[in-house]
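Worksheet: the structure to be examined is printed underneath.
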Amino acid sequence: MTTERRRRVALAALVLLVLGAAALTLGPLPRDLQDAVTRVADDLTPGSPGFPDRREVEVAANALLLAPVGLVLAVLLPRVRALLLVGALVLAPVGVELAQAVLLPGRTPSLRDVALNALGGALGVALVRARPRRRA
């Protein structure tokens, strides 16, 4: 695959990831989706020792939400400093939580969500930047 084609695929992936994250965080969740998420969380958290509880599942989901976005951003912008990418990945959930507070009365903004989203985004960036670079 050529470099230009890889870049286009990464850009398309980024657009889809951002749209998906925006739909999950800024839109009202359809009742069917809420029910499906609740069923999955209940299946993953049967309440016996060794299984995560619902809070732990939510923490993991928040941490993983922006990880692919960070990964794709790091691939798309290899010359941009990692710290700058992570800064953008901190500002994004801050904006989402502010929008939830101001525009979406049914949603509950959370600083924990900001921290976990940013951590996931930073992990995505780190996964790309930590790998050894190939020489051309």
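Chain labels run A, B, ... following the order of the structure tokens; each chain numbers its residues from 1, and ligands are numbered from 1 in the order shown.
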Inset, instruction - Compile the contact shell of Leu71 (chain A) as a ChimeraX atom specification: residues with an atom at most 12 Å away, counting only C-alpha atoms, same-chain residues fewer than 4 positions apart removed. - result: /A:10-11,13-14,17,64-67,75-78,82,85-86,89,120-131
Take the residues from that selection and write them out as an mmCIF file, in the first residue's frame, keeping N, CA and C atoms.
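Listing of again-v6.cif after writing:
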```
data_model
loop_
_atom_site.group_PDB
_atom_site.id
_atom_site.type_symbol
_atom_site.label_atom_id
_atom_site.label_comp_id
_atom_site.auth_asym_id
_atom_site.auth_seq_id
_atom_site.Cartn_x
_atom_site.Cartn_y
_atom_site.Cartn_z
ATOM 1 N N ALA A 10 -6.155 6.128 6.797
ATOM 2 C CA ALA A 10 -6.070 6.629 8.176
ATOM 3 C C ALA A 10 -6.995 7.824 8.380
ATOM 4 N N LEU A 11 -7.068 8.704 7.403
ATOM 5 C CA LEU A 11 -7.956 9.872 7.507
ATOM 6 C C LEU A 11 -9.426 9.435 7.549
ATOM 7 N N ALA A 13 -10.515 6.559 8.584
ATOM 8 C CA ALA A 13 -10.704 5.930 9.896
ATOM 9 C C ALA A 13 -10.879 6.984 10.974
ATOM 10 N N LEU A 14 -10.087 8.046 10.912
ATOM 11 C CA LEU A 14 -10.194 9.118 11.904
ATOM 12 C C LEU A 14 -11.574 9.774 11.855
ATOM 13 N N LEU A 17 -14.060 7.395 13.402
ATOM 14 C CA LEU A 17 -13.867 7.301 14.852
ATOM 15 C C LEU A 17 -14.397 8.544 15.563
ATOM 16 N N LEU A 64 -10.927 3.587 26.773
ATOM 17 C CA LEU A 64 -10.698 3.081 25.421
ATOM 18 C C LEU A 64 -11.346 3.935 24.327
ATOM 19 N N LEU A 65 -12.229 4.848 24.694
ATOM 20 C CA LEU A 65 -12.975 5.619 23.703
ATOM 21 C C LEU A 65 -12.062 6.382 22.738
ATOM 22 N N LEU A 66 -11.058 7.065 23.253
ATOM 23 C CA LEU A 66 -10.194 7.880 22.390
ATOM 24 C C LEU A 66 -8.862 7.214 22.046
ATOM 25 N N ALA A 67 -8.634 5.996 22.522
ATOM 26 C CA ALA A 67 -7.376 5.307 22.195
ATOM 27 C C ALA A 67 -7.198 5.149 20.686
ATOM 28 N N VAL A 75 -0.447 8.337 13.667
ATOM 29 C CA VAL A 75 -0.059 7.810 12.355
ATOM 30 C C VAL A 75 -0.172 8.903 11.293
ATOM 31 N N LEU A 76 -1.259 9.671 11.358
ATOM 32 C CA LEU A 76 -1.487 10.721 10.364
ATOM 33 C C LEU A 76 -0.522 11.893 10.486
ATOM 34 N N LEU A 77 -0.115 12.187 11.708
ATOM 35 C CA LEU A 77 0.712 13.367 11.965
ATOM 36 C C LEU A 77 2.040 12.970 12.616
ATOM 37 N N PRO A 78 2.877 12.250 11.898
ATOM 38 C CA PRO A 78 4.103 11.732 12.499
ATOM 39 C C PRO A 78 5.108 12.812 12.918
ATOM 40 N N ALA A 82 4.323 14.456 20.203
ATOM 41 C CA ALA A 82 3.359 13.634 20.937
ATOM 42 C C ALA A 82 2.628 14.466 21.987
ATOM 43 N N LEU A 85 -0.207 16.336 20.437
ATOM 44 C CA LEU A 85 -1.330 15.446 20.141
ATOM 45 C C LEU A 85 -2.110 15.110 21.406
ATOM 46 N N VAL A 86 -1.385 14.821 22.478
ATOM 47 C CA VAL A 86 -2.047 14.502 23.751
ATOM 48 C C VAL A 86 -2.815 15.722 24.255
ATOM 49 N N LEU A 89 -5.964 15.773 22.589
ATOM 50 C CA LEU A 89 -6.800 14.684 23.088
ATOM 51 C C LEU A 89 -7.291 14.936 24.513
ATOM 52 N N GLY A 120 -6.782 7.411 27.515
ATOM 53 C CA GLY A 120 -6.908 6.493 26.384
ATOM 54 C C GLY A 120 -6.295 7.070 25.119
ATOM 55 N N GLY A 121 -6.561 8.348 24.857
ATOM 56 C CA GLY A 121 -5.966 8.992 23.691
ATOM 57 C C GLY A 121 -4.453 9.003 23.766
ATOM 58 N N ALA A 122 -3.920 9.299 24.949
ATOM 59 C CA ALA A 122 -2.460 9.296 25.141
ATOM 60 C C ALA A 122 -1.886 7.897 24.927
ATOM 61 N N LEU A 123 -2.613 6.887 25.359
ATOM 62 C CA LEU A 123 -2.172 5.500 25.145
ATOM 63 C C LEU A 123 -2.086 5.202 23.652
ATOM 64 N N GLY A 124 -3.095 5.648 22.888
ATOM 65 C CA GLY A 124 -3.057 5.444 21.441
ATOM 66 C C GLY A 124 -1.847 6.101 20.804
ATOM 67 N N VAL A 125 -1.558 7.329 21.212
ATOM 68 C CA VAL A 125 -0.372 8.030 20.697
ATOM 69 C C VAL A 125 0.896 7.272 21.088
ATOM 70 N N ALA A 126 0.966 6.846 22.331
ATOM 71 C CA ALA A 126 2.158 6.145 22.828
ATOM 72 C C ALA A 126 2.393 4.832 22.088
ATOM 73 N N LEU A 127 1.320 4.132 21.743
ATOM 74 C CA LEU A 127 1.481 2.866 21.019
ATOM 75 C C LEU A 127 2.162 3.071 19.678
ATOM 76 N N VAL A 128 1.855 4.181 19.014
ATOM 77 C CA VAL A 128 2.485 4.464 17.722
ATOM 78 C C VAL A 128 3.894 4.999 17.921
ATOM 79 N N ARG A 129 4.050 5.929 18.834
ATOM 80 C CA ARG A 129 5.345 6.584 18.985
ATOM 81 C C ARG A 129 6.384 5.704 19.662
ATOM 82 N N ALA A 130 5.967 4.717 20.418
ATOM 83 C CA ALA A 130 6.926 3.871 21.134
ATOM 84 C C ALA A 130 7.527 2.789 20.240
ATOM 85 N N ARG A 131 6.884 2.496 19.137
ATOM 86 C CA ARG A 131 7.409 1.429 18.273
ATOM 87 C C ARG A 131 8.636 1.928 17.525
#
```
Inset, instruction - Report the residues of chain A whose backbone DSSP state falls under helix (DSSP H, G or I), written as a PyMOL selection string. - result: chain A and resi 3-26+31-44+54-65+67-76+82-103+111-129
Atoms kept (C-alpha atoms) for selection, written as an mmCIF file, in the first residue's frame:
```cif
data_model
loop_
_atom_site.group_PDB
_atom_site.id
_atom_site.type_symbol
_atom_site.label_atom_id
_atom_site.label_comp_id
_atom_site.auth_asym_id
_atom_site.auth_seq_id
_atom_site.Cartn_x
_atom_site.Cartn_y
_atom_site.Cartn_z
ATOM 1 C CA THR A 3 2.017 6.085 1.605
ATOM 2 C CA GLU A 4 -0.711 8.257 0.087
ATOM 3 C CA ARG A 5 -3.221 5.397 0.216
ATOM 4 C CA ARG A 6 -2.305 4.644 3.837
ATOM 5 C CA ARG A 7 -2.814 8.294 4.670
ATOM 6 C CA ARG A 8 -6.267 8.316 3.042
ATOM 7 C CA VAL A 9 -7.284 5.148 4.874
ATOM 8 C CA ALA A 10 -6.070 6.629 8.176
ATOM 9 C CA LEU A 11 -7.956 9.872 7.507
ATOM 10 C CA ALA A 12 -11.162 7.968 6.711
ATOM 11 C CA ALA A 13 -10.704 5.930 9.896
ATOM 12 C CA LEU A 14 -10.194 9.118 11.904
ATOM 13 C CA VAL A 15 -13.385 10.667 10.522
ATOM 14 C CA LEU A 16 -15.380 7.530 11.367
ATOM 15 C CA LEU A 17 -13.867 7.301 14.852
ATOM 16 C CA VAL A 18 -14.572 10.960 15.625
ATOM 17 C CA LEU A 19 -18.140 10.699 14.329
ATOM 18 C CA GLY A 20 -18.703 7.555 16.388
ATOM 19 C CA ALA A 21 -17.277 9.127 19.532
ATOM 20 C CA ALA A 22 -19.378 12.256 18.966
ATOM 21 C CA ALA A 23 -22.527 10.183 18.532
ATOM 22 C CA LEU A 24 -21.826 8.272 21.740
ATOM 23 C CA THR A 25 -20.937 11.317 23.816
ATOM 24 C CA LEU A 26 -23.023 14.154 22.409
ATOM 25 C CA ARG A 31 -33.424 3.575 24.033
ATOM 26 C CA ASP A 32 -32.568 0.362 22.149
ATOM 27 C CA LEU A 33 -28.864 1.173 22.338
ATOM 28 C CA GLN A 34 -29.118 2.017 26.040
ATOM 29 C CA ASP A 35 -30.844 -1.314 26.661
ATOM 30 C CA ALA A 36 -28.225 -3.186 24.624
ATOM 31 C CA VAL A 37 -25.363 -1.495 26.495
ATOM 32 C CA THR A 38 -27.021 -2.312 29.823
ATOM 33 C CA ARG A 39 -27.441 -5.971 28.810
ATOM 34 C CA VAL A 40 -23.792 -6.223 27.730
ATOM 35 C CA ALA A 41 -22.621 -4.557 30.954
ATOM 36 C CA ASP A 42 -24.803 -6.929 32.967
ATOM 37 C CA ASP A 43 -23.398 -9.926 31.059
ATOM 38 C CA LEU A 44 -19.840 -8.716 31.673
ATOM 39 C CA ARG A 54 -20.438 -2.003 36.096
ATOM 40 C CA ARG A 55 -18.333 0.940 37.265
ATOM 41 C CA GLU A 56 -15.150 -0.833 36.171
ATOM 42 C CA VAL A 57 -16.670 -1.590 32.765
ATOM 43 C CA GLU A 58 -17.574 2.100 32.375
ATOM 44 C CA VAL A 59 -14.048 3.137 33.382
ATOM 45 C CA ALA A 60 -12.543 0.811 30.773
ATOM 46 C CA ALA A 61 -14.963 2.022 28.096
ATOM 47 C CA ASN A 62 -14.099 5.665 28.819
ATOM 48 C CA ALA A 63 -10.379 4.902 28.737
ATOM 49 C CA LEU A 64 -10.698 3.081 25.421
ATOM 50 C CA LEU A 65 -12.975 5.619 23.703
ATOM 51 C CA ALA A 67 -7.376 5.307 22.195
ATOM 52 C CA PRO A 68 -8.013 4.587 18.502
ATOM 53 C CA VAL A 69 -8.307 8.319 17.798
ATOM 54 C CA GLY A 70 -4.903 8.909 19.412
ATOM 55 C CA LEU A 71 -3.421 6.016 17.476
ATOM 56 C CA VAL A 72 -4.717 7.272 14.117
ATOM 57 C CA LEU A 73 -3.715 10.882 14.866
ATOM 58 C CA ALA A 74 -0.176 9.736 15.636
ATOM 59 C CA VAL A 75 -0.059 7.810 12.355
ATOM 60 C CA LEU A 76 -1.487 10.721 10.364
ATOM 61 C CA ALA A 82 3.359 13.634 20.937
ATOM 62 C CA LEU A 83 2.717 16.167 23.698
ATOM 63 C CA LEU A 84 0.797 18.391 21.276
ATOM 64 C CA LEU A 85 -1.330 15.446 20.141
ATOM 65 C CA VAL A 86 -2.047 14.502 23.751
ATOM 66 C CA GLY A 87 -2.975 18.120 24.460
ATOM 67 C CA ALA A 88 -5.552 17.981 21.676
ATOM 68 C CA LEU A 89 -6.800 14.684 23.088
ATOM 69 C CA VAL A 90 -7.303 16.394 26.455
ATOM 70 C CA LEU A 91 -9.146 19.355 24.936
ATOM 71 C CA ALA A 92 -11.540 17.134 22.981
ATOM 72 C CA PRO A 93 -13.192 15.479 26.017
ATOM 73 C CA VAL A 94 -13.181 18.820 27.867
ATOM 74 C CA GLY A 95 -15.233 20.216 24.987
ATOM 75 C CA VAL A 96 -17.520 17.191 25.032
ATOM 76 C CA GLU A 97 -18.152 17.456 28.767
ATOM 77 C CA LEU A 98 -18.776 21.208 28.502
ATOM 78 C CA ALA A 99 -21.265 20.575 25.692
ATOM 79 C CA GLN A 100 -22.959 17.930 27.819
ATOM 80 C CA ALA A 101 -23.218 20.370 30.725
ATOM 81 C CA VAL A 102 -24.587 23.246 28.644
ATOM 82 C CA LEU A 103 -26.515 21.659 25.785
ATOM 83 C CA LEU A 111 -14.060 15.165 35.130
ATOM 84 C CA ARG A 112 -13.325 11.460 35.516
ATOM 85 C CA ASP A 113 -14.533 10.921 31.939
ATOM 86 C CA VAL A 114 -12.204 13.694 30.735
ATOM 87 C CA ALA A 115 -9.232 12.123 32.511
ATOM 88 C CA LEU A 116 -10.018 8.611 31.266
ATOM 89 C CA ASN A 117 -10.691 9.739 27.684
ATOM 90 C CA ALA A 118 -7.425 11.703 27.648
ATOM 91 C CA LEU A 119 -5.544 8.747 29.125
ATOM 92 C CA GLY A 120 -6.908 6.493 26.384
ATOM 93 C CA GLY A 121 -5.966 8.992 23.691
ATOM 94 C CA ALA A 122 -2.460 9.296 25.141
ATOM 95 C CA LEU A 123 -2.172 5.500 25.145
ATOM 96 C CA GLY A 124 -3.057 5.444 21.441
ATOM 97 C CA VAL A 125 -0.372 8.030 20.697
ATOM 98 C CA ALA A 126 2.158 6.145 22.828
ATOM 99 C CA LEU A 127 1.481 2.866 21.019
ATOM 100 C CA VAL A 128 2.485 4.464 17.722
ATOM 101 C CA ARG A 129 5.345 6.584 18.985
#
```
